[in-house]
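The structure appears right after this line, and notes come after that.
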Amino acid sequence: MDLKLNGKVAIVTGGSLGIGRAVAQALAAEGVRVGIVARNQATLEQVAREITEATGTEVMAAPADVADTAQVEAAVELVGARFGRIDILVNGAAHPGGLVRSEIENASPEGLLEDINIKVVGYMRFAKAAAAHMRRGGWGRIVNIGGLTGRGSKQLSGMRNVAICHLTKTLSDQLGPAGITVNVIHPGVVETPHIHELYAKEAKLQGLTPEQVEANYAKATPIRRVLQVEEIADVVLFLASDRAAAITGESIAVDGGITRGVFL
């Protein structure tokens, strides 16, 4: 399937590891020039070199703290100046698992505020800056990485993912007339460096080994396995393409079926 992405320009936040890095590499493999965003410039530059060498498409480092509006605007302008345009934004920068604890007696209001500032307001900062470039081109795609904790009551940090769904739907209304679609993806249990930290944490709480925790997650998933980052990237590619031009304002789980709710 020709996704017709060759020649486009993308920004991927949280692009130095995990899902973000996989998305950046998948886009570059389709001929999309990419600016990857994270705070550590040395790491970003190394990852950009590695993806460029692997795909033959230029990937550049655009270091920024997503909680700092001036840095966000500077990163977007840096990518726009280097590549001449911005067509695609993939928002993925966030603290894995969130900073606020789920038990209310241990919950930190400051942690919750930081979670929201980074993941919700950070996404908005990048969307605002990138949308100006997309409007000029009459075409754009914004894909937000949310999280399944927004679809349940298990984690207080899930409220940031609920907010991202609202942001996504609102932006889809506002930007649709300019040819820009906006959607959110909720990954399930995905093989990333973070997931092993989660296994260790859950193992300690449950009196199990990390391997047993992983096996239990796989057993609870209808496809009976943990997902790979490339599978999330594949859905991002589709939503970023012309093939998905009629899909906007949607919240899409890429979770192997682990979500048991019925969402109309």
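The way I read the labels, and the way they are meant: chains A, B, ... in the order of the structure tokens, residue 1 as the first residue of every chain, and ligand 1 as the first ligand shown, with later ones counted on from there.
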Residues flagged strand (DSSP E or B) by DSSP in segment 37-230 of chain A, as a PyMOL selection string
chain A and resi 37+59-61+88-91+140-145+180-187+190+227
Pull C-alpha atoms from the residues just selected and write them as an mmCIF file, in the first residue's frame.
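Printed below is again28.cif as written:
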```cif
data_model
loop_
_atom_site.group_PDB
_atom_site.id
_atom_site.type_symbol
_atom_site.label_atom_id
_atom_site.label_comp_id
_atom_site.auth_asym_id
_atom_site.auth_seq_id
_atom_site.Cartn_x
_atom_site.Cartn_y
_atom_site.Cartn_z
ATOM 1 C CA VAL A 37 12.296 15.881 20.172
ATOM 2 C CA VAL A 59 16.417 12.698 10.703
ATOM 3 C CA MET A 60 17.433 15.665 12.844
ATOM 4 C CA ALA A 61 17.599 16.361 16.570
ATOM 5 C CA ILE A 88 2.913 15.579 10.606
ATOM 6 C CA LEU A 89 3.116 15.840 14.386
ATOM 7 C CA VAL A 90 3.284 12.791 16.624
ATOM 8 C CA ASN A 91 2.991 13.747 20.297
ATOM 9 C CA GLY A 140 -1.681 18.048 8.192
ATOM 10 C CA ARG A 141 -1.815 15.099 10.540
ATOM 11 C CA ILE A 142 -1.585 15.149 14.326
ATOM 12 C CA VAL A 143 -1.412 11.820 16.161
ATOM 13 C CA ASN A 144 -1.408 11.908 19.952
ATOM 14 C CA ILE A 145 -0.184 8.954 22.004
ATOM 15 C CA ILE A 180 -5.707 18.690 9.289
ATOM 16 C CA THR A 181 -6.824 15.515 11.052
ATOM 17 C CA VAL A 182 -6.228 14.815 14.737
ATOM 18 C CA ASN A 183 -6.469 11.394 16.384
ATOM 19 C CA VAL A 184 -5.282 9.669 19.556
ATOM 20 C CA ILE A 185 -3.855 6.157 19.944
ATOM 21 C CA HIS A 186 -4.004 4.232 23.206
ATOM 22 C CA PRO A 187 -1.210 1.607 23.265
ATOM 23 C CA VAL A 190 4.101 -2.711 24.689
ATOM 24 C CA LEU A 227 2.819 -5.830 21.649
#
```
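Counting only C-alpha atoms, Thr259 of chain A has the following residues at most 9 Å away, ignoring those fewer than 3 positions along the same chain: Leu148, Arg151, Gly188, Thr221, Ala253, Asp255, Gly256 and Val262 of chain A.
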Any chance you can output those residues with N, CA and C atoms as a PDB file, in the first residue's frame?
```
ATOM      1  N   LEU A 148      -4.197   3.606  27.888  1.00  0.00           N
ATOM      2  CA  LEU A 148      -5.408   2.896  28.321  1.00  0.00           C
ATOM      3  C   LEU A 148      -5.850   3.254  29.731  1.00  0.00           C
ATOM      4  N   ARG A 151      -9.121   4.906  30.176  1.00  0.00           N
ATOM      5  CA  ARG A 151     -10.379   4.180  29.975  1.00  0.00           C
ATOM      6  C   ARG A 151     -10.793   3.374  31.200  1.00  0.00           C
ATOM      7  N   GLY A 188      -1.488  -0.593  24.203  1.00  0.00           N
ATOM      8  CA  GLY A 188      -1.664  -1.552  25.286  1.00  0.00           C
ATOM      9  C   GLY A 188      -0.336  -1.825  25.972  1.00  0.00           C
ATOM     10  N   THR A 221      -4.441 -10.713  27.600  1.00  0.00           N
ATOM     11  CA  THR A 221      -4.598 -10.106  26.278  1.00  0.00           C
ATOM     12  C   THR A 221      -5.108 -11.155  25.302  1.00  0.00           C
ATOM     13  N   ALA A 253      -7.668   2.294  20.328  1.00  0.00           N
ATOM     14  CA  ALA A 253      -6.815   1.429  21.140  1.00  0.00           C
ATOM     15  C   ALA A 253      -6.026   0.496  20.227  1.00  0.00           C
ATOM     16  N   ASP A 255      -4.100  -2.410  21.335  1.00  0.00           N
ATOM     17  CA  ASP A 255      -3.859  -3.052  22.622  1.00  0.00           C
ATOM     18  C   ASP A 255      -3.988  -4.568  22.619  1.00  0.00           C
ATOM     19  N   GLY A 256      -4.091  -5.160  21.430  1.00  0.00           N
ATOM     20  CA  GLY A 256      -4.245  -6.605  21.376  1.00  0.00           C
ATOM     21  C   GLY A 256      -5.561  -7.095  21.960  1.00  0.00           C
ATOM     22  N   VAL A 262     -16.860  -1.570  26.000  1.00  0.00           N
ATOM     23  CA  VAL A 262     -17.468  -1.383  24.691  1.00  0.00           C
ATOM     24  C   VAL A 262     -17.583   0.123  24.458  1.00  0.00           C
TER      25      VAL A 262
END
```
So which residues touch Val12 of chain A within 12 Å, counting only C-alpha atoms, skipping near sequence neighbours fewer than 5 positions away, as a count of residues only?
51
Mind checking which residues fall within 12 Å of Ser153 of chain A, counting only C-alpha atoms, ignoring those fewer than 6 positions away in the same chain, and posting them as a compact mmCIF listing (two decimals) with all heavy atoms, in the first residue's frame?
```txt
# COMPACT_ATOMS: atom_id res chain seq x y z
N SER A 102 -1.52 6.39 42.63
CA SER A 102 -2.95 6.12 42.55
C SER A 102 -3.64 6.15 43.90
O SER A 102 -4.83 6.43 43.99
CB SER A 102 -3.19 4.75 41.88
OG SER A 102 -2.93 4.86 40.49
N GLU A 103 -2.91 5.84 44.98
CA GLU A 103 -3.53 5.87 46.30
C GLU A 103 -3.64 7.32 46.74
O GLU A 103 -2.65 8.03 46.85
CB GLU A 103 -2.69 5.08 47.31
CG GLU A 103 -2.44 3.63 46.91
CD GLU A 103 -1.30 3.46 45.90
OE1 GLU A 103 -0.61 4.47 45.60
OE2 GLU A 103 -1.14 2.35 45.40
N MET A 159 -6.12 10.39 34.22
CA MET A 159 -6.88 11.59 33.87
C MET A 159 -6.17 12.42 32.81
O MET A 159 -6.81 13.14 32.05
CB MET A 159 -7.21 12.42 35.11
CG MET A 159 -6.04 13.10 35.78
SD MET A 159 -6.59 14.10 37.21
CE MET A 159 -6.95 12.80 38.40
N ASN A 161 -4.77 11.16 30.23
CA ASN A 161 -5.15 10.55 28.96
C ASN A 161 -6.60 10.88 28.59
O ASN A 161 -6.93 10.98 27.40
CB ASN A 161 -4.93 9.04 29.02
CG ASN A 161 -3.46 8.70 29.14
OD1 ASN A 161 -2.62 9.32 28.49
ND2 ASN A 161 -3.14 7.72 29.98
N VAL A 162 -7.46 11.04 29.60
CA VAL A 162 -8.82 11.51 29.33
C VAL A 162 -8.75 12.92 28.73
O VAL A 162 -9.44 13.23 27.75
CB VAL A 162 -9.66 11.52 30.62
CG1 VAL A 162 -11.05 12.11 30.35
CG2 VAL A 162 -9.80 10.11 31.17
```
Please provide as a PyMOL selection string all residues within 8 Å of Leu99 of chain A, with the sequence filter that same-chain residues fewer than 5 positions apart are discarded (counting only C-alpha atoms).
chain A and resi 111-112+114-115+157
When you count only C-alpha atoms, which of these residues is closest to Leu264 of chain A: A:Glu110, A:Glu197, A:Glu250, A:Asp68?
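Among the listed residues, A:Glu250 lies closest to Leu264 of chain A.
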Using DSSP on the backbone coordinates, identify the residues of segment 21-134 of chain A assigned to alpha helix (DSSP H); present them as a ChimeraX atom specification.
/A:21-29,41-55,69-83,109-115,122-134
